[in-house]
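Written below as structure tokens is the structure these notes are about.
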Amino acid sequence: MSASLGRKASIVGVVIGLAALSACAKNDPAAKDDGTGPVSVQATDSGCDLSRRDVKSGTSTFSISNGGSKITEFYVYADGDRVMGEVENIGPGLKRDLIVELPTGKYQAVCKPGMVGNGIRGDLTVTGNAPAQASEDALLKQATDSYQRYVNSQTVAFVEKTTEFVTAVKAGDVAKAKALFPVSRTYWERIEPVASSFGDLDPKIDARVNDVEPGTEWTGYHRIEQALWVGNTTKGVEKYADQLLFDVKTVVAKAKTVKLNPLQLANGAKSLLDEVATGKVTGEEDRYSHTDLWDFQANVEGSQAAIQALRPALQTRDAALVTQLDTQFKAVFAALDKYRVGDGFKPYTATEAEKKTLAAVVDGLAEPVSQVAGVIAKK
Amino acid sequence: MTDDTAPEPIAGEQPATSPAATPAEPARRRGFSRRGLFGAAGAAVATGVAGYAVHSAVSAEPSQAVDNNGPVEFHGTHQAGITTPVQDRLHFAAFDVTTTKREELIALLKEWTAAAALLTAGRDIGQYGAVNGPDEAPPEDTGEAVGLPPAHLTITVGFGPSLFDKRFGLAAKRPKALVDLPHFIGDDLEDARSYGDIAVQACSDDPQVAVHAIRNLARIGFGRTVVRYSQLGFGRTSSTSRAQATPRNLFGFKDGTNNLKLEDAAKLEQQLWVQPEDGPDWMVGGSYLVSRRIRMNIEIWDRTSLGEQEGIIGRGKGTGAPLGKADEFDAIDFNAKQADGEPKMPADSHVRLAHPQFNDGAELLRRGYNFVDGSDGLGRLDAGLFFLAYQRDPRKQFIPIQNHLAKNDKMNEYIHHVGSGIFACPPGVTPGSYWGEKLFA
């Protein structure tokens with residue numbers, strides 16, 4: 001991805017501000033006091049039981065306990081799997097809270113054991129004061145808020161998983177480090193338009209060897225990847241592991257303060273697909289580990305999160321485009337599913353014909369995604 | 001342009017002989033230059049799916065085929081780009097359809113037809129075109145043809161046998177003449193250069209105009225089609241009109257001397273256009289296209305003596321005249337003997353083997369192109385002839401002729417067929433209709 005650093009940085013730009021104003025319906029003070037309390041969610045490898053499926057509009061809390069053997073995730077989706085709130089990376093035996101603000105409407109509550117696939121889904125109904133008809137501006141405001149929530153949820157897991165990866169590297173546990181490498185990258189790849197907008201941090205974290213400027217030391221994920229897969233060792237890269245965790249924490253701290261405007265969301269969604277088309281489909285990204293499909297999936301998920309954040313605004317402006325986007329996202333995920341193994345993917349050693357198939361679905365998605373910015377920009 | 005009530009002439013496809021626009025229509029003629037029309041087109045064109053459904057805006061255009069660089073009439077009884085005097089350049093693409101939904105395929109063909117009407121008129125596609133759209137959106141038209149004339153662009157579409165499988169419910173409508181080509185002796189076909197659900201032939205006098213056309217159609221198709229292969233061609237290797245001189249192929253010989261010509265109207269009905277009794281109805285007025293990527297062993301050929309080259313072809317290299325004759329268009333005398341009793345025209349010469357006299361009268365309308373795709377890993381030209389031939393029934397025309405050639409032609413030492421395709425090219429479109437409308441009716 002570093003090949004396109006300059007371009008991406010200019011597309012995304014950075015807008016730092018005091019974020020997180022809420023545009024959603026005003027909290028009904030009564031909702032907190034009516035004794036309903038948090039919704040408890042019992043997640044297992046095959047179930048996703050909610051203590052109730054009706055909540056009041058406003059802020060709700062979901063307490064998720066993972067009683068299964070797989071790491072799980074919990075989502076509240078609006079139409080088209082637009083993420084209203086999520087908790088990533090809930091290990092077996094762990095309990096996490098999700099606090100989310102939900103306007104009146106129909107939603108889905110979803111557990112994803114193994115963090116893959118469509119998850120185990122159930123309806124969630126939010127009643128109460130109907131929100132005022134959202135204005136166009138409010139819809140766009142909601143989009144940026146929604147995406148901000150997404151970024152924040154990803155950064156938490158990003159730091160956790162990178163910490164685990166770094167710990168394994170420093171402990172000399174090659175096998176564990178190899179297993180965690182693509183997992184920790186997933187969170188990076190999902191929020192890349194934000195994360196990579198911080199000038200020199202992207203090359204420090206994610207440069208491939210041929211992207212390193214002369215006179216600059218090669219650091220980051222791919223430096224460690226080379227040691228793990230080519231040398232089958234962690235020796236000599238401990239310092240890069242430390243550096244990586246430091247850089248990741250720096251990125252995360254900065255990312256939390258970034259507020260992208262709707263156009264930047266649209267362009268970020270597109271640039272993620274550009275990444276897929278140029279680096280992932282070709283297998284250049286993870287050239288030692290061949291874990292490109294993890295990155296591929298994560299880039300597309302990140303793109304989808306940005307697009308779905310814009311969904312309510314898009315729906316009022318160009319419903320046909322929304323339908324097209326849904327169809328094409330589905331096609332890409334279906335194509336990727338063919339390479340699934342367990343919680344991850346087969347090593348990416350695709351034939352030219354397979355690459356062509358993947359490239360075709362990405363092109364099919366990237367065209368409509370490239371239309372989104374224009375639609376959003378229309379007054 | 002939708003307010004233009006001028007009647008639409010259904011002119012067939014003979015731009016060189018179409019009536020000139022009257023001087024009373026200067027404003028409309030100006031409209032055909034690129035860029036100048038944006039305002040008008042933008043205002044009149046209704047946005048449809050992805051902004052390409054602009055057919056109504058184009059449907060009322062009068063023929064403007066007067067300027068030598070001007071447009072070739074898009075609408076007509078037959079598709080343009082078949083008997084249209086062969087342009088200098090080709091961009092040919094075979095697409096695989098990736099959607100499995102019939103209505104999406106139909107929508108695509110509608111969008112392609114609408115875009116092709118604009119492209120062949122020398123206009124940008126979309127509501128805003130290449131440069132007038134919003135800053136935030138990618139331009140609707142890719143823009144590399146801005147400022148270029150229409151350059152006789154024609155866009156011709158054909159449907160391959162694979163389109164008639166189970167996906168779109170078309171199996172019962174597959175024409176009997178749309179056979180799977182048999183294996184010909186010596187065929188060395190590459191899958192990635194062969195077959196395809198839909199072929200699009202873009203011919204133009206300007207390579208950039210032809211590339212622009214295919215590029216934009218491919219873009220419209222993303223998510224529904226994928227390019228299976230494409231081929232650039234230069235240097236037409238045949239004439240389809242008596243007004244054209246016979247060009248040379250990469251063997252250095254005149255090619256297409258004895259081709260079907262647009263002036264021979266009766267013969268075209270007999271050899272080229274599908275007739276009502278041929279069936280199916282949706283193909284009447286259409287034609288069948290066979291495409292072959294024929295690699296030439298250029299370096300070997302170039303080491304072959306002039307006499308042998310001429311004997312293989314059956315014509316003089318300089319004049320193009322049949323051996324034993326003086327002029328290119330002299331009648332061929334297959335019975336003439338040399339002093340030693342050998343025929344002046346060798347029995348295994350290409351011209352003799354391919355001649356209708358030895359093929360039950362079968363003829364083809366050829367509009368092939370030279371190609372050079374750089375050099376291969378051995379430093380040899382990756383070059384040859386991208387052979388394109390239209391006909392009424394491949395079972396009676398291309399297949400027997402090619403069988404004949406594949407078995408006997410001495411030229412086979414210098415060529416091999418590496419790509420192959422066959423396509424049913426439906427009749428032309430009238431304003432408001434789309435390519436293959438009757439097929440889907």
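Residues in the structure tokens are named by chain (A, B, ... in the order shown) and by number from 1 within that chain; ligands are numbered from 1 in the order shown.
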Exercise for the section: Name the residues in contact with range 166-179 of chain A at a cut-off of 7 Å, using only C-alpha atoms, excluding same-chain residues fewer than 4 positions from it; report them as JSON, numbers by chain. Expected result: {"A": [162, 228, 232, 233, 234, 238, 241, 242, 245]}
Problem - All residues 10 Å or closer to Tyr150 in chain A, only C-alpha atoms, same chain fewer than 2 positions away omitted, as a list in words - result: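 Near Tyr150 in chain A, the qualifying residues are Arg82, Val83, Met84, Gly85, Glu86, Val87, Thr144, Asp145, Ser146, Tyr147, Gln148, Asn152, Ser153, Gln154, Thr155, Arg190, Ile191, Gly302, Ala305, Ala306 and Ala309 of chain A.
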What lies within 9 Å of range 400-403 of chain B using only C-alpha atoms, ignoring chain neighbours under 2 positions off, as a short mmCIF file (atom, residue, chain, number, x, y, z; two decimals) with C-alpha atoms, in the first residue's frame?
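See part-v8.cif below for the written result:
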```cif
data_model
loop_
_atom_site.label_atom_id
_atom_site.label_comp_id
_atom_site.auth_asym_id
_atom_site.auth_seq_id
_atom_site.Cartn_x
_atom_site.Cartn_y
_atom_site.Cartn_z
CA PHE B 184 -9.03 -27.69 -37.55
CA ILE B 185 -5.78 -29.51 -38.22
CA LEU B 353 -7.51 -23.33 -52.05
CA ALA B 354 -9.56 -20.46 -50.73
CA HIS B 355 -11.24 -19.61 -54.03
CA PRO B 356 -15.02 -20.02 -54.25
CA PHE B 358 -13.08 -24.88 -55.14
CA ASN B 359 -15.37 -24.28 -52.17
CA ALA B 362 -18.63 -20.09 -50.67
CA GLU B 363 -17.28 -16.62 -50.00
CA PRO B 394 -20.35 -20.66 -41.18
CA ARG B 395 -21.33 -24.28 -41.79
CA LYS B 396 -21.28 -23.60 -45.51
CA GLN B 397 -18.60 -20.96 -45.59
CA PHE B 398 -15.81 -20.61 -43.06
CA LEU B 405 -6.90 -24.80 -46.07
CA ALA B 406 -5.87 -26.55 -42.86
CA LYS B 407 -5.29 -29.79 -44.73
CA ASN B 408 -3.57 -28.50 -47.83
#
```
Write out, as a tab-separated table, each residue of chain B that has an atom at most 6 Å from chain A, together with the closest pair of atoms and their distance in Å to one decimal, counting only C-alpha atoms, rows going by chain and rising number.
```
residue	atom	partner	partner_atom	distance
B:Glu136	CA	A:Gly374	CA	5.0
B:Ala137	CA	A:Gly374	CA	4.0
B:Phe222	CA	A:Gly364	CA	4.5
B:Gly223	CA	A:Gly364	CA	3.4
```
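CA of Gln201 in chain B lies 16.1 Å from CA of Ala121 in chain B.
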Problem - All strand (DSSP E or B) residues (DSSP, backbone) inside range 182-400 of chain B, as an NGL selection string - result: :B and (198-204 or 222 or 225-236 or 248 or 254 or 287-296 or 315 or 322 or 337 or 343 or 365-366 or 369-375 or 381-391)
Practice task
Fewer than 2 positions away in the same chain doesn't count, so skip those; otherwise give me all residues within 6 Å of range 100-106 of chain A, counting only C-alpha atoms, as a list in words.
Solution key: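 Surrounding residues, per the criterion: Ala25, Ser57, Gly58, Thr59, Ser60, Gly85, Thr125, Val126, Thr127 and Ala130 of chain A.
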Output file for the residues above (N, CA and C atoms, as a compact mmCIF listing (two decimals), in the first residue's frame):
```
# COMPACT_ATOMS: atom_id res chain seq x y z
N ALA A 25 -31.20 10.95 17.81
CA ALA A 25 -32.32 11.47 18.58
C ALA A 25 -31.88 11.76 20.01
N SER A 57 -35.50 3.87 22.46
CA SER A 57 -34.57 4.70 21.69
C SER A 57 -33.67 5.47 22.65
N GLY A 58 -32.51 5.79 22.17
CA GLY A 58 -31.53 6.45 23.02
C GLY A 58 -30.34 5.53 23.23
N THR A 59 -29.68 5.70 24.36
CA THR A 59 -28.48 4.92 24.61
C THR A 59 -28.83 3.58 25.24
N SER A 60 -28.30 2.52 24.63
CA SER A 60 -28.49 1.18 25.17
C SER A 60 -27.15 0.55 25.47
N GLY A 85 -23.02 -0.15 16.05
CA GLY A 85 -22.10 -0.33 17.15
C GLY A 85 -21.56 -1.73 17.10
N THR A 125 -35.60 -4.50 18.08
CA THR A 125 -36.53 -3.42 17.80
C THR A 125 -36.30 -2.28 18.76
N VAL A 126 -36.20 -1.09 18.23
CA VAL A 126 -36.01 0.07 19.06
C VAL A 126 -37.26 0.94 18.95
N THR A 127 -37.90 1.16 20.10
CA THR A 127 -39.13 1.96 20.10
C THR A 127 -38.91 3.21 20.95
N ALA A 130 -40.17 8.75 18.13
CA ALA A 130 -39.69 8.65 16.77
C ALA A 130 -38.79 9.84 16.49
```
Neighbouring residues of Lys101 in chain B were defined as those with any atom within 8 Å, considering only C-alpha atoms; residues of the same chain fewer than 4 positions away were excluded. Please report them as a PDB file with all heavy atoms, in the first residue's frame.
```
ATOM      1  N   LEU B 105     -28.403  -8.573 -18.020  1.00  0.00           N
ATOM      2  CA  LEU B 105     -27.792  -8.670 -19.344  1.00  0.00           C
ATOM      3  C   LEU B 105     -28.515  -7.739 -20.323  1.00  0.00           C
ATOM      4  O   LEU B 105     -27.883  -7.030 -21.116  1.00  0.00           O
ATOM      5  CB  LEU B 105     -27.839 -10.124 -19.827  1.00  0.00           C
ATOM      6  CG  LEU B 105     -27.384 -10.389 -21.254  1.00  0.00           C
ATOM      7  CD1 LEU B 105     -25.944  -9.930 -21.476  1.00  0.00           C
ATOM      8  CD2 LEU B 105     -27.520 -11.870 -21.599  1.00  0.00           C
ATOM      9  N   ARG B 167     -27.820 -20.051 -18.600  1.00  0.00           N
ATOM     10  CA  ARG B 167     -27.892 -18.886 -17.724  1.00  0.00           C
ATOM     11  C   ARG B 167     -29.033 -17.928 -18.020  1.00  0.00           C
ATOM     12  O   ARG B 167     -29.646 -17.379 -17.113  1.00  0.00           O
ATOM     13  CB  ARG B 167     -26.573 -18.101 -17.791  1.00  0.00           C
ATOM     14  CG  ARG B 167     -25.426 -18.750 -17.105  1.00  0.00           C
ATOM     15  CD  ARG B 167     -24.141 -17.997 -17.400  1.00  0.00           C
ATOM     16  NE  ARG B 167     -23.790 -18.067 -18.818  1.00  0.00           N
ATOM     17  CZ  ARG B 167     -22.839 -17.329 -19.376  1.00  0.00           C
ATOM     18  NH1 ARG B 167     -22.174 -16.446 -18.662  1.00  0.00           N
ATOM     19  NH2 ARG B 167     -22.562 -17.477 -20.666  1.00  0.00           N
ATOM     20  N   PHE B 168     -29.268 -17.669 -19.289  1.00  0.00           N
ATOM     21  CA  PHE B 168     -30.184 -16.587 -19.626  1.00  0.00           C
ATOM     22  C   PHE B 168     -31.443 -17.075 -20.355  1.00  0.00           C
ATOM     23  O   PHE B 168     -32.188 -16.279 -20.914  1.00  0.00           O
ATOM     24  CB  PHE B 168     -29.457 -15.537 -20.473  1.00  0.00           C
ATOM     25  CG  PHE B 168     -28.167 -15.089 -19.836  1.00  0.00           C
ATOM     26  CD1 PHE B 168     -26.946 -15.496 -20.360  1.00  0.00           C
ATOM     27  CD2 PHE B 168     -28.179 -14.309 -18.688  1.00  0.00           C
ATOM     28  CE1 PHE B 168     -25.755 -15.110 -19.748  1.00  0.00           C
ATOM     29  CE2 PHE B 168     -26.994 -13.918 -18.078  1.00  0.00           C
ATOM     30  CZ  PHE B 168     -25.784 -14.321 -18.612  1.00  0.00           C
TER      31      PHE B 168
END
```
Exercise for the section: Excluding Ala265 in chain B and residues on its chain fewer than 4 positions from it, collect all residues at most 12 Å away from it, counting only C-alpha atoms, and give them as a VMD selection string. Expected result: chain B and resid 12 14 83 240 to 241 260 to 261 269 to 273
Handout entry: Residue neighbourhood Lys438 in chain B, 9 Å, only C-alpha atoms, exclusion window fewer than 6 positions, as a ChimeraX atom specification
Key = /B:281-283,426
